[in-house]
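Trainee: This is model09.cif (mmCIF, C-alpha atoms and all ligand atoms).
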```
data_model
loop_
_atom_site.label_atom_id
_atom_site.label_comp_id
_atom_site.auth_asym_id
_atom_site.auth_seq_id
_atom_site.Cartn_x
_atom_site.Cartn_y
_atom_site.Cartn_z
CA MET A 30 25.94 6.34 -45.96
CA THR A 31 22.32 7.35 -46.52
CA LEU A 32 19.71 5.03 -48.00
CA THR A 33 16.15 6.04 -48.89
CA LYS A 34 13.42 3.77 -50.21
CA GLU A 35 9.73 4.43 -50.72
CA TYR A 36 7.06 1.75 -50.60
CA ARG A 37 3.52 2.25 -51.89
CA ILE A 38 0.75 0.48 -50.05
CA LYS A 39 -2.73 -0.13 -51.42
CA ALA A 40 -5.93 0.10 -49.42
CA GLY A 41 -7.61 -3.21 -48.65
CA ASP A 42 -5.04 -5.31 -50.52
CA PHE A 43 -4.60 -8.21 -48.11
CA GLU A 44 -2.73 -10.28 -50.73
CA LYS A 45 0.16 -7.82 -50.74
CA ALA A 46 -0.26 -6.57 -47.18
CA GLY A 47 2.98 -7.23 -45.31
CA ASP A 48 5.19 -7.13 -48.42
CA ALA A 49 6.54 -3.63 -47.78
CA SER A 50 7.42 -4.33 -44.15
CA LEU A 51 9.11 -7.59 -45.17
CA GLN A 52 11.18 -5.70 -47.76
CA ILE A 53 12.09 -3.12 -45.14
CA LYS A 54 13.22 -5.91 -42.79
CA THR A 55 15.26 -7.53 -45.58
CA THR A 56 16.90 -4.20 -46.44
CA LEU A 57 17.81 -3.55 -42.81
CA LYS A 58 19.23 -7.08 -42.48
CA SER A 59 21.51 -6.42 -45.45
CA LEU A 60 23.01 -3.46 -43.57
CA ASP A 61 25.18 -3.51 -40.48
CA ILE A 62 22.38 -2.87 -37.97
CA TYR A 63 21.84 -4.44 -34.55
CA PRO A 64 19.27 -7.28 -34.66
CA ASP A 65 17.22 -5.71 -31.87
CA ILE A 66 16.84 -2.48 -33.84
CA ILE A 67 15.85 -4.47 -36.95
CA ARG A 68 13.29 -6.37 -34.90
CA ARG A 69 11.74 -3.21 -33.49
CA ALA A 70 11.76 -1.38 -36.84
CA ALA A 71 10.12 -4.39 -38.53
CA ILE A 72 7.32 -4.41 -35.94
CA CYS A 73 6.69 -0.69 -36.51
CA ALA A 74 6.81 -1.05 -40.30
CA TYR A 75 4.35 -3.95 -40.20
CA GLU A 76 1.86 -2.23 -37.87
CA SER A 77 2.08 0.95 -39.96
CA GLU A 78 1.58 -0.96 -43.19
CA MET A 79 -1.50 -2.76 -41.85
CA ASN A 80 -2.98 0.52 -40.63
CA ILE A 81 -2.51 2.03 -44.10
CA VAL A 82 -4.20 -1.05 -45.62
CA MET A 83 -7.13 -1.13 -43.17
CA HIS A 84 -7.68 2.45 -42.05
CA GLY A 85 -5.64 4.85 -44.18
CA GLY A 86 -7.04 4.31 -47.64
CA GLY A 87 -3.60 3.46 -49.02
CA GLY A 88 -0.38 5.41 -48.69
CA THR A 89 3.39 5.22 -48.50
CA ILE A 90 6.17 4.26 -46.12
CA THR A 91 9.54 5.88 -46.71
CA LEU A 92 12.55 4.24 -45.11
CA THR A 93 15.67 6.32 -44.49
CA VAL A 94 18.80 4.87 -42.96
CA ASP A 95 21.99 6.71 -42.10
CA ASP A 96 24.75 6.14 -39.56
CA SER A 97 22.85 7.84 -36.77
CA GLY A 98 19.48 6.17 -37.16
CA ILE A 99 16.53 4.77 -39.02
CA VAL A 100 13.40 6.74 -39.92
CA LEU A 101 10.06 5.40 -41.12
CA GLU A 102 7.78 8.06 -42.58
CA VAL A 103 4.25 6.74 -42.87
CA ARG A 104 1.83 8.83 -44.91
CA ASP A 105 -1.73 8.47 -46.09
CA GLU A 106 -4.48 10.75 -47.32
CA GLY A 107 -7.24 8.77 -45.68
CA PRO A 108 -9.93 9.79 -43.20
CA GLY A 109 -7.51 10.84 -40.44
CA ILE A 110 -7.76 10.01 -36.74
CA GLU A 111 -10.30 11.91 -34.68
CA ASP A 112 -8.67 11.38 -31.28
CA VAL A 113 -5.00 10.41 -31.46
CA ASN A 114 -4.68 9.84 -27.68
CA LEU A 115 -7.57 7.41 -27.82
CA ALA A 116 -6.13 5.66 -30.88
CA PHE A 117 -2.89 5.00 -28.94
CA GLN A 118 -4.75 3.32 -26.07
CA GLU A 119 -4.38 -0.47 -25.93
CA GLY A 120 -7.52 -2.16 -27.16
CA TYR A 121 -9.05 0.82 -28.97
CA SER A 122 -10.03 -0.16 -32.51
CA THR A 123 -12.49 0.85 -35.17
CA ALA A 124 -11.55 -2.19 -37.31
CA LEU A 125 -14.41 -3.62 -39.33
CA MET A 126 -15.86 -7.08 -38.77
CA GLU A 127 -14.14 -8.33 -41.93
CA HIS A 128 -10.77 -7.21 -40.50
CA ARG A 129 -11.49 -8.81 -37.13
CA GLU A 130 -12.33 -12.06 -38.86
CA MET A 131 -8.82 -12.01 -40.32
CA GLY A 132 -7.35 -11.60 -36.85
CA PHE A 133 -6.81 -7.83 -36.90
CA GLY A 134 -8.43 -5.19 -34.74
CA ALA A 135 -6.94 -5.93 -31.32
CA GLY A 136 -6.16 -2.24 -31.05
CA MET A 137 -2.49 -3.02 -30.40
CA GLY A 138 -0.79 -1.61 -33.51
CA LEU A 139 -0.21 1.98 -32.39
CA PRO A 140 0.64 0.96 -28.78
CA ASN A 141 3.20 -1.48 -30.25
CA ILE A 142 4.70 1.31 -32.36
CA LYS A 143 4.97 3.48 -29.26
CA LYS A 144 6.66 0.67 -27.31
CA SER A 145 8.99 -0.48 -30.08
CA SER A 146 10.28 2.88 -31.32
CA ASP A 147 12.78 5.25 -29.74
CA PHE A 148 10.68 8.27 -30.68
CA TYR A 149 7.62 8.98 -32.81
CA GLU A 150 5.57 11.92 -33.98
CA ILE A 151 2.04 11.79 -35.36
CA ASN A 152 0.04 14.40 -37.21
CA SER A 153 -3.47 13.55 -38.28
CA LYS A 154 -6.21 15.75 -39.71
CA LEU A 155 -9.77 14.60 -40.19
CA GLY A 156 -10.55 14.32 -43.88
CA LYS A 157 -6.89 15.01 -44.81
CA GLY A 158 -4.88 12.02 -43.66
CA THR A 159 -2.26 10.86 -41.24
CA ASN A 160 1.52 11.33 -41.06
CA LEU A 161 3.43 9.19 -38.62
CA THR A 162 7.21 9.47 -38.30
CA ILE A 163 9.03 6.79 -36.34
CA PHE A 164 12.71 6.97 -35.27
CA PHE A 165 15.28 4.44 -34.11
CA TRP A 166 18.74 5.51 -32.96
CA GLN A 167 21.80 3.59 -33.99
CA ASN A 168 25.03 3.43 -32.01
CA ARG A 169 23.50 4.44 -28.73
CA GLU A 170 21.78 2.79 -25.84
CA SER A 171 18.05 2.74 -26.55
CA GLY A 172 15.62 3.12 -23.74
N1 LIG B 201 -3.71 5.53 -40.81
C1 LIG B 201 -4.84 5.60 -40.10
N2 LIG B 201 -5.90 6.32 -40.58
C2 LIG B 201 -7.04 6.43 -39.89
N3 LIG B 201 -7.26 5.84 -38.68
C3 LIG B 201 -6.25 5.11 -38.16
C4 LIG B 201 -5.01 4.95 -38.84
N4 LIG B 201 -4.21 4.17 -38.06
C5 LIG B 201 -4.91 3.88 -36.97
N5 LIG B 201 -6.15 4.43 -37.01
C6 LIG B 201 -7.19 4.38 -35.97
O1 LIG B 201 -6.59 4.05 -34.73
C7 LIG B 201 -7.16 2.83 -34.25
C8 LIG B 201 -6.12 2.06 -33.47
O2 LIG B 201 -5.08 1.60 -34.36
P1 LIG B 201 -4.25 0.31 -33.95
O3 LIG B 201 -3.27 0.02 -35.00
O4 LIG B 201 -3.72 0.53 -32.56
O5 LIG B 201 -5.35 -0.83 -33.84
P2 LIG B 201 -6.12 -1.59 -35.02
O6 LIG B 201 -5.46 -1.33 -36.33
O7 LIG B 201 -7.55 -1.24 -34.92
O8 LIG B 201 -5.93 -3.11 -34.59
P3 LIG B 201 -4.57 -3.97 -34.71
O9 LIG B 201 -3.48 -3.04 -35.13
O10 LIG B 201 -4.31 -4.50 -33.33
O11 LIG B 201 -4.87 -5.02 -35.72
C9 LIG B 201 -7.71 2.12 -35.47
O12 LIG B 201 -8.71 1.19 -35.16
C10 LIG B 201 -8.24 3.30 -36.28
O13 LIG B 201 -9.46 3.76 -35.73
MG MG B 202 -3.39 -1.53 -36.51
#
```
Write the structure described by the file as structure tokens, please.

Mentor:
Amino acid sequence: MTLTKEYRIKAGDFEKAGDASLQIKTTLKSLDIYPDIIRRAAICAYESEMNIVMHGGGGTITLTVDDSGIVLEVRDEGPGIEDVNLAFQEGYSTALMEHREMGFGAGMGLPNIKKSSDFYEINSKLGKGTNLTIFFWQNRESG
């Protein structure tokens, strides 16, 4: 069984922000997947979606599920990340005041993705955009 779904995410649309990650969670729940994997994938989808909304200038998340695992491919053509190592540090954020007023900007999204995934890969180019691929294994012990 292989399932692929693509979700488009608009920049700055806080009305719809969270919809894609909720749909991803609902899709995973409809499949025979361990609750802990669903929980971790939903966290990563949500943090990725919010980063696309706030920092990425809009983009897509593609969900792929097969018997061996779950993949979230997060893509945008936004400004890119200047220093990826810095961006993954807890507390680092360039979120605007208007985002902080809504409760975002703790600088915990990328660290949460790192913690909640089994494996991830990020490629970001200034002025070109950011690609983040996040993996979760099924049917094995996750560490
Ligand atoms: N898709 C992206 N495009 C450009 N910059 C990004 C992107 N995602 C993250 N960043 C940069 O990395 C920083 C850290 O991201 P992270 O998700 O950890 O924190 P945050 O979004 O600022 O706050 P929080 O997620 O806790 O609300 C961001 O503030 C931003 O500078
Ligand atoms: Mg974030």

Trainee: Which residue gives the smallest distance to Lys143 of chain A among A:Ser77, A:Ser50, A:Asn160, A:Gln167, with only C-alpha atoms counted?

Mentor: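 Closest residue, counting only C-alpha atoms: A:Ser77.
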
Trainee: Listing only residues of chain A within 6 Å of ligand MG 202 (chain B), what is the closest atom pair and its distance in Å (to one decimal) for each, using only C-alpha atoms and all ligand atoms, sorted by chain and residue number ascending, as a Markdown table?

Mentor:
```
| residue | atom | partner | partner_atom | distance |
| --- | --- | --- | --- | --- |
| A:Glu76 | CA | B:MG202 | MG | 5.5 |
| A:Met79 | CA | B:MG202 | MG | 5.8 |
| A:Asn80 | CA | B:MG202 | MG | 4.6 |
| A:Gly138 | CA | B:MG202 | MG | 4.0 |
```

Trainee: Could you report the residues within 6 Å of ligand LIG 201 (chain B), using all atoms listed in the file, as an mmCIF file with C-alpha atoms, in the coordinates of the input?

Mentor:
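Saved file pocket20.cif follows:
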```
data_model
loop_
_atom_site.group_PDB
_atom_site.id
_atom_site.type_symbol
_atom_site.label_atom_id
_atom_site.label_comp_id
_atom_site.auth_asym_id
_atom_site.auth_seq_id
_atom_site.Cartn_x
_atom_site.Cartn_y
_atom_site.Cartn_z
ATOM 1 C CA ASN A 80 -2.980 0.520 -40.630
ATOM 2 C CA ILE A 81 -2.510 2.030 -44.100
ATOM 3 C CA HIS A 84 -7.680 2.450 -42.050
ATOM 4 C CA GLY A 85 -5.640 4.850 -44.180
ATOM 5 C CA GLY A 107 -7.240 8.770 -45.680
ATOM 6 C CA PRO A 108 -9.930 9.790 -43.200
ATOM 7 C CA GLY A 109 -7.510 10.840 -40.440
ATOM 8 C CA ILE A 110 -7.760 10.010 -36.740
ATOM 9 C CA ALA A 116 -6.130 5.660 -30.880
ATOM 10 C CA PHE A 117 -2.890 5.000 -28.940
ATOM 11 C CA TYR A 121 -9.050 0.820 -28.970
ATOM 12 C CA SER A 122 -10.030 -0.160 -32.510
ATOM 13 C CA THR A 123 -12.490 0.850 -35.170
ATOM 14 C CA ALA A 124 -11.550 -2.190 -37.310
ATOM 15 C CA PHE A 133 -6.810 -7.830 -36.900
ATOM 16 C CA GLY A 134 -8.430 -5.190 -34.740
ATOM 17 C CA ALA A 135 -6.940 -5.930 -31.320
ATOM 18 C CA GLY A 136 -6.160 -2.240 -31.050
ATOM 19 C CA MET A 137 -2.490 -3.020 -30.400
ATOM 20 C CA GLY A 138 -0.790 -1.610 -33.510
ATOM 21 C CA LEU A 139 -0.210 1.980 -32.390
ATOM 22 C CA PRO A 140 0.640 0.960 -28.780
ATOM 23 C CA THR A 159 -2.260 10.860 -41.240
#
```

Trainee: Atom CA of Thr162 of chain A and atom CA of Glu106 of chain A, how far apart in Å?

Mentor: 14.8 Å

Trainee: Which residues, written as an mmCIF file with C-alpha atoms, in the coordinates of the input, have at least one atom at most 12 Å from Thr55 of chain A, with only C-alpha atoms counted and residues fewer than 3 positions away on the same chain left out?

Mentor:
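Final file, around.cif:
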```cif
data_model
loop_
_atom_site.group_PDB
_atom_site.id
_atom_site.type_symbol
_atom_site.label_atom_id
_atom_site.label_comp_id
_atom_site.auth_asym_id
_atom_site.auth_seq_id
_atom_site.Cartn_x
_atom_site.Cartn_y
_atom_site.Cartn_z
ATOM 1 C CA ASP A 48 5.190 -7.130 -48.420
ATOM 2 C CA ALA A 49 6.540 -3.630 -47.780
ATOM 3 C CA SER A 50 7.420 -4.330 -44.150
ATOM 4 C CA LEU A 51 9.110 -7.590 -45.170
ATOM 5 C CA GLN A 52 11.180 -5.700 -47.760
ATOM 6 C CA LYS A 58 19.230 -7.080 -42.480
ATOM 7 C CA SER A 59 21.510 -6.420 -45.450
ATOM 8 C CA LEU A 60 23.010 -3.460 -43.570
ATOM 9 C CA ASP A 61 25.180 -3.510 -40.480
ATOM 10 C CA ILE A 62 22.380 -2.870 -37.970
ATOM 11 C CA PRO A 64 19.270 -7.280 -34.660
ATOM 12 C CA ILE A 67 15.850 -4.470 -36.950
ATOM 13 C CA ARG A 68 13.290 -6.370 -34.900
ATOM 14 C CA ALA A 70 11.760 -1.380 -36.840
ATOM 15 C CA ALA A 71 10.120 -4.390 -38.530
ATOM 16 C CA ALA A 74 6.810 -1.050 -40.300
#
```

Trainee: I want to know what sits within 10 Å of Asp42 of chain A, based on all atoms listed in the file, with residues of the same chain fewer than 5 positions away left out; could you give that as a PyMOL selection string?

Mentor: chain A and resi 47+79+82-83+87

Trainee: Can you write out the residues you just picked, keeping C-alpha atoms, as a compact mmCIF listing (two decimals), in the coordinates of the input?

Mentor:
```
# COMPACT_ATOMS: atom_id res chain seq x y z
CA GLY A 47 2.98 -7.23 -45.31
CA MET A 79 -1.50 -2.76 -41.85
CA VAL A 82 -4.20 -1.05 -45.62
CA MET A 83 -7.13 -1.13 -43.17
CA GLY A 87 -3.60 3.46 -49.02
```

Trainee: Would you list the contacts of Asp96 of chain A as JSON, numbers by chain, taking every protein, DNA or RNA residue within 9 Å and counting all atoms listed in the file, but skipping same-chain residues closer than 2 positions in sequence?

Mentor: {"A": [30, 31, 94, 98, 99, 166, 167, 168]}

Trainee: To one decimal in Å, tell me the separation between atom CA of Glu127 of chain A and atom CA of Glu78 of chain A.

Mentor: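 The value is 17.4 Å.
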
Trainee: Just to confirm, what's the straight-line distance from atom CA of Tyr75 of chain A to atom CA of Tyr36 of chain A in Å (one decimal)?

Mentor: 12.2 Å

Trainee: Applying 9 Å and only C-alpha atoms, which residues near Glu102 of chain A remain after dropping the ones on its own chain fewer than 3 positions away? List them as a compact mmCIF listing (two decimals) with C-alpha atoms, keeping the file's coordinate frame.

Mentor:
```
# COMPACT_ATOMS: atom_id res chain seq x y z
CA THR A 89 3.39 5.22 -48.50
CA ILE A 90 6.17 4.26 -46.12
CA THR A 91 9.54 5.88 -46.71
CA LEU A 92 12.55 4.24 -45.11
CA THR A 93 15.67 6.32 -44.49
CA ASN A 160 1.52 11.33 -41.06
CA LEU A 161 3.43 9.19 -38.62
CA THR A 162 7.21 9.47 -38.30
CA ILE A 163 9.03 6.79 -36.34
CA PHE A 164 12.71 6.97 -35.27
```

Trainee: Have a look at A:Val113, A:Cys73, A:Met126, A:Leu32 and name the one nearest to Ser145 of chain A; count all atoms listed in the file.

Mentor: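 Among the listed residues, A:Cys73 lies closest to Ser145 of chain A.
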
Trainee: A:Gly132, A:Gly156, A:Gly120, A:Gly41: which is nearest Gly88 of chain A, counting only C-alpha atoms?

Mentor: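 Closest candidate: A:Gly41.
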
Trainee: Using only C-alpha atoms, can you tell me which of A:Gln118, A:Lys39, A:Ile142, A:Gly158 comes closest to Ile72 of chain A?

Mentor: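 Of the candidates, the smallest distance to Ile72 of chain A is held by A:Ile142.
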
Trainee: I'd like the box whose edges run along x, y and z of the file and which contains every listed atom of segment 134-144 of chain A, padded by 5 Å per side; could you state its centre and edge lengths in Å, one decimal, as JSON?

Mentor:
```
{"center_x": -0.9, "center_y": -1.2, "center_z": -31.0, "size_x": 25.1, "size_y": 19.4, "size_z": 17.4}
```

Trainee: Reconstruct N, CA and C atoms of segment 100-123 of chain A; output as a compact mmCIF listing (two decimals), keeping the file's coordinate frame.

Mentor:
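The file below, selection20.txt, is the result:
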```txt
# COMPACT_ATOMS: atom_id res chain seq x y z
N VAL A 100 14.66 6.00 -39.97
CA VAL A 100 13.40 6.74 -39.92
C VAL A 100 12.39 6.05 -40.82
N LEU A 101 11.19 5.87 -40.30
CA LEU A 101 10.06 5.40 -41.12
C LEU A 101 9.05 6.53 -41.19
N GLU A 102 8.80 7.02 -42.40
CA GLU A 102 7.78 8.06 -42.58
C GLU A 102 6.55 7.42 -43.21
N VAL A 103 5.47 7.44 -42.47
CA VAL A 103 4.25 6.74 -42.87
C VAL A 103 3.21 7.79 -43.22
N ARG A 104 2.75 7.77 -44.47
CA ARG A 104 1.83 8.83 -44.91
C ARG A 104 0.61 8.26 -45.62
N ASP A 105 -0.55 8.80 -45.29
CA ASP A 105 -1.73 8.47 -46.09
C ASP A 105 -2.62 9.69 -46.18
N GLU A 106 -3.53 9.65 -47.15
CA GLU A 106 -4.48 10.75 -47.32
C GLU A 106 -5.88 10.24 -47.04
N GLY A 107 -5.97 9.38 -46.05
CA GLY A 107 -7.24 8.77 -45.68
C GLY A 107 -8.07 9.66 -44.77
N PRO A 108 -8.95 9.04 -43.99
CA PRO A 108 -9.93 9.79 -43.20
C PRO A 108 -9.34 10.54 -42.01
N GLY A 109 -8.09 10.20 -41.62
CA GLY A 109 -7.51 10.84 -40.44
C GLY A 109 -8.03 10.20 -39.15
N ILE A 110 -7.41 10.57 -38.05
CA ILE A 110 -7.76 10.01 -36.74
C ILE A 110 -8.38 11.13 -35.90
N GLU A 111 -9.57 10.87 -35.41
CA GLU A 111 -10.30 11.91 -34.68
C GLU A 111 -9.62 12.24 -33.35
N ASP A 112 -9.26 11.18 -32.61
CA ASP A 112 -8.67 11.38 -31.28
C ASP A 112 -7.41 10.52 -31.18
N VAL A 113 -6.27 11.15 -31.40
CA VAL A 113 -5.00 10.41 -31.46
C VAL A 113 -4.69 9.75 -30.11
N ASN A 114 -4.95 10.44 -29.00
CA ASN A 114 -4.68 9.84 -27.68
C ASN A 114 -5.48 8.57 -27.49
N LEU A 115 -6.72 8.60 -27.92
CA LEU A 115 -7.57 7.41 -27.82
C LEU A 115 -7.04 6.30 -28.72
N ALA A 116 -6.63 6.66 -29.92
CA ALA A 116 -6.13 5.66 -30.88
C ALA A 116 -4.89 4.94 -30.35
N PHE A 117 -4.11 5.62 -29.50
CA PHE A 117 -2.89 5.00 -28.94
C PHE A 117 -3.18 4.18 -27.69
N GLN A 118 -4.43 4.15 -27.25
CA GLN A 118 -4.75 3.32 -26.07
C GLN A 118 -4.89 1.86 -26.47
N GLU A 119 -4.32 0.97 -25.65
CA GLU A 119 -4.38 -0.47 -25.93
C GLU A 119 -5.84 -0.91 -25.98
N GLY A 120 -6.18 -1.60 -27.04
CA GLY A 120 -7.52 -2.16 -27.16
C GLY A 120 -8.50 -1.30 -27.93
N TYR A 121 -8.13 -0.03 -28.19
CA TYR A 121 -9.05 0.82 -28.97
C TYR A 121 -8.92 0.49 -30.45
N SER A 122 -10.04 0.18 -31.09
CA SER A 122 -10.03 -0.16 -32.51
C SER A 122 -11.36 0.14 -33.16
N THR A 123 -11.28 0.67 -34.37
CA THR A 123 -12.49 0.85 -35.17
C THR A 123 -12.50 -0.16 -36.33
```
